[in-house]
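Text of entry.txt, listed as compact mmCIF, C-alpha atoms:
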```
# COMPACT_ATOMS: atom_id res chain seq x y z
CA MET A 76 -20.98 -5.72 -21.57
CA SER A 77 -21.59 -8.10 -18.64
CA HIS A 78 -18.46 -9.51 -17.00
CA PRO A 79 -18.19 -12.69 -14.88
CA ALA A 80 -18.13 -12.28 -11.11
CA PRO A 81 -14.55 -11.94 -9.76
CA ALA A 82 -14.91 -15.15 -7.69
CA THR A 83 -15.20 -17.19 -10.90
CA LEU A 84 -12.07 -15.73 -12.47
CA PRO A 85 -8.81 -17.68 -12.44
CA ALA A 86 -5.66 -16.29 -10.84
CA PRO A 87 -2.92 -15.75 -13.42
CA THR A 88 -0.78 -18.81 -14.05
CA PRO A 89 3.01 -18.59 -14.41
CA GLY A 90 2.55 -19.18 -18.15
CA LEU A 91 0.09 -16.29 -18.51
CA ILE A 92 2.22 -13.97 -16.40
CA ALA A 93 5.25 -14.75 -18.58
CA THR A 94 3.35 -13.79 -21.73
CA LEU A 95 1.71 -10.56 -20.51
CA THR A 96 2.89 -7.36 -22.14
CA ALA A 97 3.79 -4.27 -20.11
CA HIS A 98 3.81 -0.79 -21.64
CA THR A 99 5.34 1.85 -19.35
CA ALA A 100 4.78 5.59 -19.73
CA LEU A 101 5.14 8.90 -17.94
CA HIS A 102 2.32 11.43 -18.24
CA SER A 103 1.39 14.86 -16.94
CA THR A 104 -1.94 15.98 -15.57
CA ALA A 105 -3.61 19.21 -16.65
CA GLN A 106 -2.11 20.73 -13.49
CA GLY A 107 1.41 19.71 -14.63
CA ARG A 108 1.88 16.85 -12.13
CA THR A 109 3.78 13.84 -13.42
CA TYR A 110 2.51 10.29 -12.95
CA ALA A 111 3.73 6.88 -14.07
CA SER A 112 1.51 4.29 -15.72
CA LEU A 113 1.86 0.62 -16.52
CA LEU A 114 -0.52 -0.81 -19.14
CA ILE A 115 -0.83 -4.61 -18.99
CA THR A 116 -2.24 -6.42 -22.01
CA HIS A 117 -2.49 -9.85 -23.53
CA PRO A 118 -0.09 -10.14 -26.48
CA ALA A 119 -1.60 -10.46 -29.93
CA PRO A 120 -0.62 -13.87 -31.35
CA GLN A 121 1.72 -13.84 -34.33
CA PHE A 122 0.41 -16.77 -36.31
CA GLU A 123 -3.11 -17.68 -35.17
CA ASP A 124 -6.20 -15.93 -33.91
CA ALA A 125 -6.95 -15.90 -30.20
CA ASP A 126 -10.43 -16.45 -28.78
CA PRO A 127 -11.54 -12.95 -27.64
CA ALA A 128 -13.78 -14.40 -24.90
CA LYS A 129 -10.88 -16.44 -23.49
CA VAL A 130 -8.54 -13.42 -23.60
CA GLU A 131 -11.16 -11.29 -21.83
CA ARG A 132 -11.63 -13.91 -19.09
CA LEU A 133 -7.86 -14.20 -18.53
CA MET A 134 -7.44 -10.43 -18.39
CA LEU A 135 -10.41 -10.02 -16.04
CA GLY A 136 -8.61 -12.51 -13.80
CA VAL A 137 -5.46 -10.37 -14.00
CA ALA A 138 -7.49 -7.24 -13.17
CA ALA A 139 -9.18 -8.95 -10.21
CA THR A 140 -5.87 -10.16 -8.75
CA LEU A 141 -4.49 -6.62 -8.94
CA GLY A 142 -7.52 -5.08 -7.26
CA ALA A 143 -8.36 -3.13 -10.43
CA VAL A 144 -11.86 -1.82 -11.09
CA PRO A 145 -13.51 -0.66 -14.32
CA ALA A 146 -11.71 2.49 -15.41
CA VAL A 147 -13.53 5.73 -16.00
CA LEU A 148 -11.74 8.07 -18.36
CA PRO A 149 -11.71 11.75 -17.34
CA ALA A 150 -14.15 12.66 -20.13
CA GLY A 151 -16.70 10.22 -18.65
CA ALA A 152 -16.50 11.26 -15.01
CA PRO A 153 -14.04 14.05 -14.23
CA GLY A 154 -12.23 13.67 -10.94
CA ARG A 155 -13.09 10.04 -10.21
CA ALA A 156 -10.04 8.13 -9.05
CA PRO A 157 -9.40 4.40 -9.52
CA ALA A 158 -9.11 2.02 -6.57
CA PHE A 159 -5.89 2.02 -4.51
CA SER A 160 -3.78 -1.11 -3.93
CA LEU A 161 -0.87 -1.45 -1.55
CA ASP A 162 2.54 -2.43 -2.84
CA ARG A 163 1.51 -4.28 -6.00
CA VAL A 164 4.78 -3.05 -7.48
CA SER A 165 8.21 -3.49 -5.96
CA ILE A 166 11.72 -2.58 -6.99
CA ALA A 167 14.35 -5.24 -6.34
CA PRO A 168 17.84 -4.22 -5.19
CA SER A 169 18.99 -4.86 -8.78
CA GLY A 170 16.58 -2.15 -9.97
CA GLU A 171 14.24 -4.68 -11.54
CA VAL A 172 10.53 -3.79 -11.28
CA LEU A 173 8.15 -6.58 -10.25
CA LEU A 174 4.35 -6.64 -10.39
CA HIS A 175 2.64 -8.83 -7.76
CA PHE A 176 -0.77 -10.56 -8.09
CA ASP A 177 -3.17 -11.97 -5.49
CA GLY A 178 -3.65 -15.72 -5.49
CA THR A 179 -0.26 -16.64 -6.90
CA PRO A 180 3.34 -16.46 -5.64
CA TRP A 181 4.49 -15.52 -9.15
CA SER A 182 5.37 -11.98 -10.15
CA MET A 183 5.70 -10.27 -13.50
CA ARG A 184 9.03 -8.72 -14.43
CA VAL A 185 8.55 -5.34 -16.07
CA ALA A 186 10.99 -4.49 -18.84
CA ARG A 187 13.78 -2.29 -17.60
CA SER A 188 13.34 1.38 -18.19
CA PRO A 189 15.65 3.21 -15.79
CA ALA A 190 14.07 6.65 -16.29
CA TRP A 191 10.51 5.32 -15.80
CA SER A 192 11.57 3.23 -12.77
CA ARG A 193 13.36 6.18 -11.18
CA VAL A 194 10.38 8.52 -11.60
CA MET A 195 7.91 5.85 -10.44
CA ALA A 196 10.01 5.09 -7.35
CA GLY A 197 10.29 8.81 -6.59
CA LEU A 198 6.54 9.26 -6.85
CA GLY A 199 5.93 6.17 -4.72
CA GLN A 200 2.94 5.10 -6.77
CA VAL A 201 1.98 3.92 -10.23
CA LEU A 202 -1.27 3.75 -12.20
CA LEU A 203 -1.85 0.12 -13.22
CA VAL A 204 -4.16 -0.31 -16.21
CA VAL A 205 -5.33 -3.71 -17.49
CA GLY A 206 -6.67 -3.92 -21.03
CA LEU A 207 -9.16 -6.69 -21.79
CA ASP A 208 -8.10 -6.97 -25.44
CA GLU A 209 -4.91 -8.00 -27.20
CA LEU A 210 -2.14 -5.57 -28.09
CA SER A 211 1.10 -6.29 -29.89
CA PRO A 212 4.16 -6.36 -27.62
CA THR A 213 5.89 -4.18 -30.24
CA ALA A 214 3.11 -1.57 -30.42
CA SER A 215 4.32 1.98 -30.96
CA ALA A 216 3.40 4.82 -28.59
CA ALA A 217 0.76 5.94 -31.09
CA GLU A 218 -0.72 2.42 -31.24
CA VAL A 219 -0.80 2.25 -27.43
CA ASP A 220 -2.58 5.62 -27.31
CA GLU A 221 -5.10 4.40 -29.91
CA TYR A 222 -5.62 1.17 -27.91
CA ILE A 223 -6.30 3.16 -24.72
CA GLU A 224 -8.70 5.53 -26.50
CA HIS A 225 -10.68 2.67 -28.05
CA ALA A 226 -10.62 0.42 -24.96
CA GLY A 227 -11.61 3.33 -22.72
CA ALA A 228 -14.49 4.32 -24.96
CA THR A 229 -15.80 0.74 -24.93
CA ASP A 230 -15.31 0.06 -21.18
CA ARG A 231 -12.47 -2.41 -21.79
CA LEU A 232 -9.97 -0.99 -19.24
CA TYR A 233 -9.56 -1.73 -15.53
CA ALA A 234 -7.37 0.37 -13.26
CA THR A 235 -5.87 0.71 -9.81
CA VAL A 236 -3.22 2.93 -8.28
CA SER A 237 -0.51 0.97 -6.49
CA SER A 238 2.02 2.10 -3.96
CA VAL A 239 5.61 1.06 -4.67
CA ALA A 240 7.67 -1.05 -2.27
CA ASP A 241 11.19 0.07 -3.01
CA ARG A 242 13.18 0.03 0.20
CA PRO A 243 15.10 -2.94 1.68
CA GLY A 244 13.07 -4.50 4.46
CA ARG A 245 9.79 -3.34 2.93
CA PRO A 246 8.82 -6.19 0.62
CA ALA A 247 5.68 -6.03 -1.45
CA LEU A 248 2.64 -7.52 0.20
CA ARG A 249 2.09 -11.09 -0.97
CA ARG A 250 -1.46 -12.35 -0.90
CA PRO A 251 -1.49 -16.01 -1.99
```

Can the structure in the file be given as structure tokens, please?
Amino acid sequence: MSHPAPATLPAPTPGLIATLTAHTALHSTAQGRTYASLLITHPAPQFEDADPAKVERLMLGVAATLGAVPAVLPAGAPGRAPAFSLDRVSIAPSGEVLLHFDGTPWSMRVARSPAWSRVMAGLGQVLLVVGLDELSPTASAAEVDEYIEHAGATDRLYATVSSVADRPGRPALRRP
């Protein structure tokens, strides 16, 4: 599928950022190393249908402002790593996790999950994955896994690895 050039994509608006859904998870590699992931999706509407082309364009804009590139699942190209972004994620003194986007001063609050936040902060990095399709905010772990399998098989995921700004005096980089 052909995607618009990143220059033509809109930066996320405060309204879009407020509606995005974040699914946090901890995983292990085949070598037994733990990593944290954050899947960002557009919420499936409750009462009306959304225009898939509009959702894709909005989510491509989200991916571009996070520095994410088309994801390659391990089955497709073993060993290929996603792009790396500096300090897209920060942890506020309150423990709240924030996700920062280029082109906007607005940040996304990630639902509190103390165990996930603690592990992510300890690792100092997080895998950010942007899905181009809708997913229910109340999706179960099995539904999220199914979404990732399907979206990965159809080239509908973008990814980047972000460092985590979590110490006082080390704010996340802001790129308006």

Selection: 7 Å around A:His102, only C-alpha atoms, excl. self and same-chain fewer than 4 positions, as a PDB file with C-alpha atoms, in the coordinates of the input:
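Output file result15.pdb follows:
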```
ATOM      1  CA  THR A 109       3.780  13.840 -13.420  1.00  0.00           C
ATOM      2  CA  TYR A 110       2.510  10.290 -12.950  1.00  0.00           C
ATOM      3  CA  ALA A 111       3.730   6.880 -14.070  1.00  0.00           C
TER       4      ALA A 111
END
```

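Our summary of the geometry notes that atom CA of A:Ala216 is positioned 19.8 Å from atom CA of A:Thr94.
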
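In terms of minimum interatomic distance to A:Pro127, A:Leu210 ranks closest within A:Ala190, A:Val144, A:Leu210, A:Ala228, counting all atoms listed in the file.
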
Which value, in Å to one decimal, gives the distance between atom CA of A:Glu209 and atom CA of A:Thr96?
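Atom CA of A:Thr96 lies at a distance of 9.3 Å from atom CA of A:Glu209.
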
Counting all atoms listed in the file, the residue among A:Val219, A:Val204, A:Ala100, A:Ala214 that lies closest to A:Val147 is A:Val204

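Going from atom CA of A:Leu113 to atom CA of A:Val201 covers 7.1 Å.
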
Practice task
Using all atoms listed in the file, determine which residues lie at most 12 Å from A:Pro87, disregarding the query and same-chain residues fewer than 6 positions distant; provide the list as a PyMOL selection string.
Solution key: chain A and resi 93-95+117+130+132-141+175-183+251

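The closest residue to A:Tyr233, picked from A:Asp220, A:Glu171, A:Asp162, A:Asp208 and counting only C-alpha atoms, is A:Asp208.
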
Review point. For A:Val185, which residue out of A:Ser112, A:Thr99, A:Thr88, A:Gln200 is the nearest one, using only C-alpha atoms?
Key: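 Under the stated criterion, the closest residue is A:Thr99.
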
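Proximity to A:Ala196 was assessed for A:Thr213, A:Thr83, A:Gln106, A:Ser165 counting only C-alpha atoms; the smallest distance is recorded for A:Ser165.
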
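Nearest to A:Ala128 of all the residues A:Leu207, A:Leu198, A:Ala167, A:Ala217 is A:Leu207, counting only C-alpha atoms.
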